[in-house]
Amino acid sequence: MATLSLPRLQFQSLGHRRSRWLGAVGGMAIALTIAIAAPAPAAQNPVIQVGIVQRFGENLQDRITLEALPGEQLTLSFDTQGQPQTVTTTKVVIGLTPEQLPEATLGERVVLSNHRSFETAEYSAQQWRDRGIEPEIAQPGSWEVWANRETYNSPLVRRLLVKNLQAQGFTEVFLDSEVVGQIPRTYFEANGYRYSRDTLDIRASGGRVRVTQPGDPPVTRVYGGTLRVQPNTYGTYTLVNSVAIETYLRGVVPHEIGPSAPVPAIQAQTVLARTYALRNLRRFAIDDYQLCADTQCQVYRGLTGTAPVADQAIQATQGQVLTYQNELVDALYSSTTGGITAAFSDVWDGPDRPYLRPVVDTVNGLWDINQYPLSSEEAIRAFIAIDKGFNEDTWDLFRWRNESSLAEITADLKGYLGRRQHPLAGFTQVRSLRVSERANSGRVQAIDIETDLGVVQLKKDEIVRVLTAPRSLLFYVEPMYQAPAAGSTFSGTPASGQITGYRFVGGGWGHGVGLSQTGSYRLGSLGWAYPRILQFYYPGTTLQPIGENLTFWREPT
């Protein structure tokens, strides 16, 4: 059983090489070991690695500028012919140049499955492992599960694997191949000199670096800790910020909950953000860092936009995490639940967590979920019709109605199936859509889309990945019919025939698992302290300080 715990947090593999994707390019190897030594007394503030620019090199025109703050210096560390070298400067510009390979190289990987979320990808990887196929979890764009490139290391072996799996009915397994003629190489310019290096470490004398990241327009932020430019699995580069967890939270909490929230809500968010980060350090093991800086992890913006009220919440809860049986909880949270939270398995594949179960998001006793589960169409329509008395009822996305024409649904589905090389990707028309399964929390579990080539079934969070209209899985659908022509008696009703699209009527924004950020506003304004807020959304959990007695993550069984 895989576990992750203090005092040493470590992932280890046989070593991932960039040449596995690009071929034997320069013999460059990347040792995949992510370790945090956290001996007492520093155990409550471990250093984590966050990829703040994840795939630098996709656009050769991009540049990253790093600057020291006034009166400070940057120290750049790198190797020159195997010997360590340092350069001191106030500014460094990191750029890209194309390198033509001596001969074209075949880059390919077996994609076993493709997912919207890490949670489902991780469960899928475990299932492939149980079938005897060693997987890897990657994120070249969306989350993907690959057949391990070290094990399936030749074109013949990879093709035999795909053929055998497709013959067993795994029709969405495919070989992602690309002929690579050139690759991006990084260089950096400092003090009037240019250096061509694949890896660069940056440290500021004052512990803070101003970073201007690629974007339209470019974004400038200040980051605490140290920075490192390093190769990743996809033939590009990642800018990684190594930062102490309590400093990291200064760049997360104000952007996840907002500084205008009641203090107890901010404190609850702080405990969850700390817990979430430490439990999820395995996410980018394939690329030799731990977390990302966007909504696929937590929004992290360094020391830009810090807020005194958030800093005070970080100090007030310093080192505290939420646990269940001495293991960090899966500290999931979302913007708005629509009046009821979801169980883990209502949204993602994998075993349920005992502390993540449907909670009606109200203090007014509006609905008894045990007596009246929301698994029927009648119940969900009655629930959605209630728009007052919930913790979130003043927020815009508590209830919503969005429409999609059949043409829009067709475009959404064609793009999705095409990216997955799905057998029905060549369909031309969507004919109808219906909810075929719903959970007790009201979340849609499966939706069947009839096309001219057959029925495509979307499940759980893949539904909101594919379809533009629904803001969450808490919805029901109503068909829309062709409007009558002027002067005709055509009624635009089911009896008249022609469906033109669907109306999605629902509530909430996001996955709805765990704490509702907008609901916590209401509870905080009612005077609930943050431990009580956390107990409301995560029943049966315990607040504890980070320590060697805790397991950060244990592979589900």
# chains A, B, ... in the order shown; residues from 1 in each chain; ligands from 1

call {"tool": "select_by_dssp", "arguments": {"residues": "segment 28-181 of chain A", "states": "strand (DSSP E)", "output": "PyMOL selection string"}}
result
chain A and resi 33-37+47-56+64-68+74-80+83-89+91-115+135-138+143-147+174-181

call {"tool": "write_last_selection", "arguments": {"atoms": "C-alpha atoms", "output": "PDB file, in the first residue's frame"}}
result
ATOM      1  CA  THR A  33      12.524  11.932  -6.676  1.00  0.00           C
ATOM      2  CA  ILE A  34      10.380  14.425  -4.811  1.00  0.00           C
ATOM      3  CA  ALA A  35      11.419  14.661  -1.208  1.00  0.00           C
ATOM      4  CA  ILE A  36      10.745  17.009   1.649  1.00  0.00           C
ATOM      5  CA  ALA A  37      12.939  16.560   4.654  1.00  0.00           C
ATOM      6  CA  VAL A  47       8.593  23.102   1.790  1.00  0.00           C
ATOM      7  CA  ILE A  48       6.533  22.130  -1.248  1.00  0.00           C
ATOM      8  CA  GLN A  49       7.201  22.418  -4.993  1.00  0.00           C
ATOM      9  CA  VAL A  50       4.628  24.278  -7.124  1.00  0.00           C
ATOM     10  CA  GLY A  51       4.766  24.465 -10.922  1.00  0.00           C
ATOM     11  CA  ILE A  52       3.894  28.116 -11.606  1.00  0.00           C
ATOM     12  CA  VAL A  53       4.631  27.947 -15.362  1.00  0.00           C
ATOM     13  CA  GLN A  54       3.964  24.359 -16.312  1.00  0.00           C
ATOM     14  CA  ARG A  55       4.708  23.959 -20.024  1.00  0.00           C
ATOM     15  CA  PHE A  56       7.136  26.717 -20.950  1.00  0.00           C
ATOM     16  CA  ILE A  64      10.116  34.639 -18.426  1.00  0.00           C
ATOM     17  CA  THR A  65      11.747  37.584 -16.659  1.00  0.00           C
ATOM     18  CA  LEU A  66      12.939  37.242 -13.076  1.00  0.00           C
ATOM     19  CA  GLU A  67      14.043  40.307 -11.110  1.00  0.00           C
ATOM     20  CA  ALA A  68      15.362  41.008  -7.637  1.00  0.00           C
ATOM     21  CA  LEU A  74      19.627  37.101  -7.504  1.00  0.00           C
ATOM     22  CA  THR A  75      22.007  34.154  -7.335  1.00  0.00           C
ATOM     23  CA  LEU A  76      21.792  31.832 -10.346  1.00  0.00           C
ATOM     24  CA  SER A  77      23.120  28.291  -9.963  1.00  0.00           C
ATOM     25  CA  PHE A  78      23.744  25.856 -12.837  1.00  0.00           C
ATOM     26  CA  ASP A  79      26.272  23.334 -14.096  1.00  0.00           C
ATOM     27  CA  THR A  80      28.988  23.983 -16.656  1.00  0.00           C
ATOM     28  CA  GLN A  83      30.934  21.689 -12.509  1.00  0.00           C
ATOM     29  CA  PRO A  84      28.646  23.910 -10.378  1.00  0.00           C
ATOM     30  CA  GLN A  85      28.680  27.599 -11.293  1.00  0.00           C
ATOM     31  CA  THR A  86      26.983  30.668  -9.808  1.00  0.00           C
ATOM     32  CA  VAL A  87      26.211  34.086 -11.254  1.00  0.00           C
ATOM     33  CA  THR A  88      24.976  37.114  -9.307  1.00  0.00           C
ATOM     34  CA  THR A  89      22.664  39.588 -11.021  1.00  0.00           C
ATOM     35  CA  LYS A  91      17.683  40.410 -13.573  1.00  0.00           C
ATOM     36  CA  VAL A  92      17.585  37.286 -15.709  1.00  0.00           C
ATOM     37  CA  VAL A  93      15.556  36.604 -18.854  1.00  0.00           C
ATOM     38  CA  ILE A  94      14.755  33.004 -19.735  1.00  0.00           C
ATOM     39  CA  GLY A  95      14.012  32.324 -23.385  1.00  0.00           C
ATOM     40  CA  LEU A  96      13.720  29.518 -25.893  1.00  0.00           C
ATOM     41  CA  THR A  97      15.458  28.571 -29.069  1.00  0.00           C
ATOM     42  CA  PRO A  98      14.556  25.714 -31.443  1.00  0.00           C
ATOM     43  CA  GLU A  99      17.081  22.908 -31.710  1.00  0.00           C
ATOM     44  CA  GLN A 100      16.960  20.844 -34.880  1.00  0.00           C
ATOM     45  CA  LEU A 101      17.547  17.170 -34.167  1.00  0.00           C
ATOM     46  CA  PRO A 102      20.137  15.293 -36.276  1.00  0.00           C
ATOM     47  CA  GLU A 103      17.295  13.035 -37.375  1.00  0.00           C
ATOM     48  CA  ALA A 104      13.578  12.941 -36.722  1.00  0.00           C
ATOM     49  CA  THR A 105      12.563  11.006 -33.626  1.00  0.00           C
ATOM     50  CA  LEU A 106       9.333   9.106 -33.044  1.00  0.00           C
ATOM     51  CA  GLY A 107       7.699  10.214 -29.827  1.00  0.00           C
ATOM     52  CA  GLU A 108       4.726   8.189 -28.656  1.00  0.00           C
ATOM     53  CA  ARG A 109       2.827   6.972 -25.647  1.00  0.00           C
ATOM     54  CA  VAL A 110      -0.050   4.582 -25.050  1.00  0.00           C
ATOM     55  CA  VAL A 111      -2.972   6.582 -23.655  1.00  0.00           C
ATOM     56  CA  LEU A 112      -5.010   4.190 -21.521  1.00  0.00           C
ATOM     57  CA  SER A 113      -7.618   6.742 -20.445  1.00  0.00           C
ATOM     58  CA  ASN A 114      -8.352  10.466 -20.503  1.00  0.00           C
ATOM     59  CA  HIS A 115     -10.038  12.427 -17.708  1.00  0.00           C
ATOM     60  CA  PRO A 135       0.455   3.098 -15.438  1.00  0.00           C
ATOM     61  CA  GLU A 136       1.663   6.683 -15.194  1.00  0.00           C
ATOM     62  CA  ILE A 137      -0.490   9.759 -14.574  1.00  0.00           C
ATOM     63  CA  ALA A 138       0.317  12.723 -16.791  1.00  0.00           C
ATOM     64  CA  TRP A 143      -5.306  14.368 -17.233  1.00  0.00           C
ATOM     65  CA  GLU A 144      -4.219  11.141 -18.929  1.00  0.00           C
ATOM     66  CA  VAL A 145      -3.213   7.673 -17.781  1.00  0.00           C
ATOM     67  CA  TRP A 146      -0.348   6.267 -19.844  1.00  0.00           C
ATOM     68  CA  ALA A 147       1.138   2.809 -20.034  1.00  0.00           C
ATOM     69  CA  PHE A 174      -4.968   4.635 -28.379  1.00  0.00           C
ATOM     70  CA  LEU A 175      -1.392   5.310 -29.418  1.00  0.00           C
ATOM     71  CA  ASP A 176      -0.511   8.998 -29.365  1.00  0.00           C
ATOM     72  CA  SER A 177       2.330   9.387 -31.862  1.00  0.00           C
ATOM     73  CA  GLU A 178       4.315  12.340 -33.137  1.00  0.00           C
ATOM     74  CA  VAL A 179       7.398  12.672 -35.309  1.00  0.00           C
ATOM     75  CA  VAL A 180       9.687  15.176 -33.602  1.00  0.00           C
ATOM     76  CA  GLY A 181      12.124  17.098 -35.782  1.00  0.00           C
TER      77      GLY A 181
END

call {"tool": "closest_residue", "arguments": {"among": "A:Thr551, A:Gln429, A:Thr90, A:Gln320", "to": "Ala190 of chain A", "atoms": "only C-alpha atoms"}}
result
A:Thr90

call {"tool": "residues_around", "arguments": {"residues": "segment 265-273 of chain A", "least_positions_apart": "3", "cutoff": "8 Å", "atoms": "only C-alpha atoms", "output": "ChimeraX atom specification"}}
result
/A:249,252-253,256-259,261-262,276-277,298,310,313-314,316-317,320-322,331-332,517,520-521,523-524,530-531,533-534

call {"tool": "write_last_selection", "arguments": {"atoms": "C-alpha atoms", "output": "short mmCIF file (atom, residue, chain, number, x, y, z; two decimals), in the first residue's frame"}}
result
data_model
loop_
_atom_site.label_atom_id
_atom_site.label_comp_id
_atom_site.auth_asym_id
_atom_site.auth_seq_id
_atom_site.Cartn_x
_atom_site.Cartn_y
_atom_site.Cartn_z
CA LEU A 249 -1.00 29.78 1.81
CA VAL A 252 -3.81 30.79 -2.03
CA VAL A 253 -6.28 31.84 0.66
CA GLU A 256 -9.76 31.01 -3.14
CA ILE A 257 -12.16 32.48 -0.55
CA GLY A 258 -11.80 36.26 -0.95
CA PRO A 259 -10.74 38.75 1.75
CA ALA A 261 -15.48 36.66 3.68
CA PRO A 262 -16.24 36.43 7.42
CA TYR A 276 -5.34 19.84 0.45
CA ALA A 277 -1.81 20.84 -0.51
CA GLN A 298 -5.47 25.43 -5.92
CA ALA A 310 -5.89 36.03 5.28
CA ALA A 313 -6.14 33.41 9.50
CA ILE A 314 -2.95 31.61 8.49
CA ALA A 316 -4.39 31.73 13.83
CA THR A 317 -4.54 28.21 12.33
CA GLN A 320 -3.48 22.85 11.62
CA VAL A 321 -4.85 20.24 9.23
CA LEU A 322 -8.12 18.32 9.01
CA ALA A 331 -10.01 18.43 1.60
CA LEU A 332 -12.16 19.13 -1.44
CA GLN A 517 -17.25 28.51 0.00
CA SER A 520 -19.34 29.13 4.66
CA TYR A 521 -19.90 32.88 4.25
CA LEU A 523 -22.21 30.19 8.56
CA GLY A 524 -19.38 32.55 9.41
CA TYR A 530 -14.15 27.57 11.91
CA PRO A 531 -14.01 24.16 13.69
CA ILE A 533 -17.93 25.04 9.95
CA LEU A 534 -15.51 22.24 9.14
#

call {"tool": "atom_distance", "arguments": {"atom1": "atom CA of Tyr355 of chain A", "atom2": "atom CA of Tyr538 of chain A"}}
result
5.0 Å

call {"tool": "atom_distance", "arguments": {"atom1": "atom CA of Leu550 of chain A", "atom2": "atom CA of Gln44 of chain A"}}
result
11.6 Å

call {"tool": "closest_residue", "arguments": {"among": "A:Val309, A:Leu467, A:Leu458, A:Val347", "to": "Ala411 of chain A", "atoms": "only C-alpha atoms"}}
result
A:Leu467

call {"tool": "select_by_dssp", "arguments": {"residues": "segment 298-359 of chain A", "states": "alpha helix (DSSP H)", "output": "VMD selection string"}}
result
chain A and resid 308 to 316

call {"tool": "closest_residue", "arguments": {"among": "A:Thr212, A:Thr295, A:Ser516, A:Thr238", "to": "Ser117 of chain A", "atoms": "only C-alpha atoms"}}
result
A:Thr295

call {"tool": "closest_residue", "arguments": {"among": "A:Gly71, A:Pro46, A:Pro231, A:Pro155", "to": "Glu246 of chain A", "atoms": "only C-alpha atoms"}}
result
A:Pro46

call {"tool": "closest_residue", "arguments": {"among": "A:Leu526, A:Ala342, A:Ala379, A:Ile183", "to": "Glu58 of chain A", "atoms": "only C-alpha atoms"}}
result
A:Ile183

call {"tool": "closest_residue", "arguments": {"among": "A:Arg357, A:Ala343, A:Arg208, A:Ile245", "to": "Gln318 of chain A", "atoms": "only C-alpha atoms"}}
result
A:Ile245

call {"tool": "atom_distance", "arguments": {"atom1": "atom CA of Gln230 of chain A", "atom2": "atom CA of Arg129 of chain A"}}
result
28.9 Å

call {"tool": "residues_around", "arguments": {"residues": "segment 444-451 of chain A", "least_positions_apart": "4", "cutoff": "7 Å", "atoms": "only C-alpha atoms", "output": "VMD selection string"}}
result
chain A and resid 346 427 429 to 439 455 to 460 473 to 474

call {"tool": "write_last_selection", "arguments": {"atoms": "C-alpha atoms", "output": "compact mmCIF listing (two decimals), in the first residue's frame"}}
result
# COMPACT_ATOMS: atom_id res chain seq x y z
CA ASP A 346 -21.08 11.26 -7.11
CA PHE A 427 -21.05 11.20 -36.06
CA GLN A 429 -25.88 14.89 -35.63
CA VAL A 430 -27.14 14.75 -32.05
CA ARG A 431 -30.77 13.61 -31.97
CA SER A 432 -31.66 13.56 -28.29
CA LEU A 433 -30.33 13.68 -24.75
CA ARG A 434 -31.57 12.21 -21.48
CA VAL A 435 -30.42 11.76 -17.88
CA SER A 436 -30.14 8.00 -17.30
CA GLU A 437 -28.77 7.88 -13.74
CA ARG A 438 -28.82 10.23 -10.75
CA ALA A 439 -27.24 9.98 -7.26
CA VAL A 455 -25.52 6.43 -28.18
CA VAL A 456 -22.64 8.10 -26.35
CA GLN A 457 -22.84 7.97 -22.56
CA LEU A 458 -21.12 10.66 -20.51
CA LYS A 459 -20.53 9.98 -16.83
CA LYS A 460 -20.06 12.15 -13.75
CA LEU A 473 -23.94 18.08 -12.03
CA LEU A 474 -26.95 19.24 -10.01
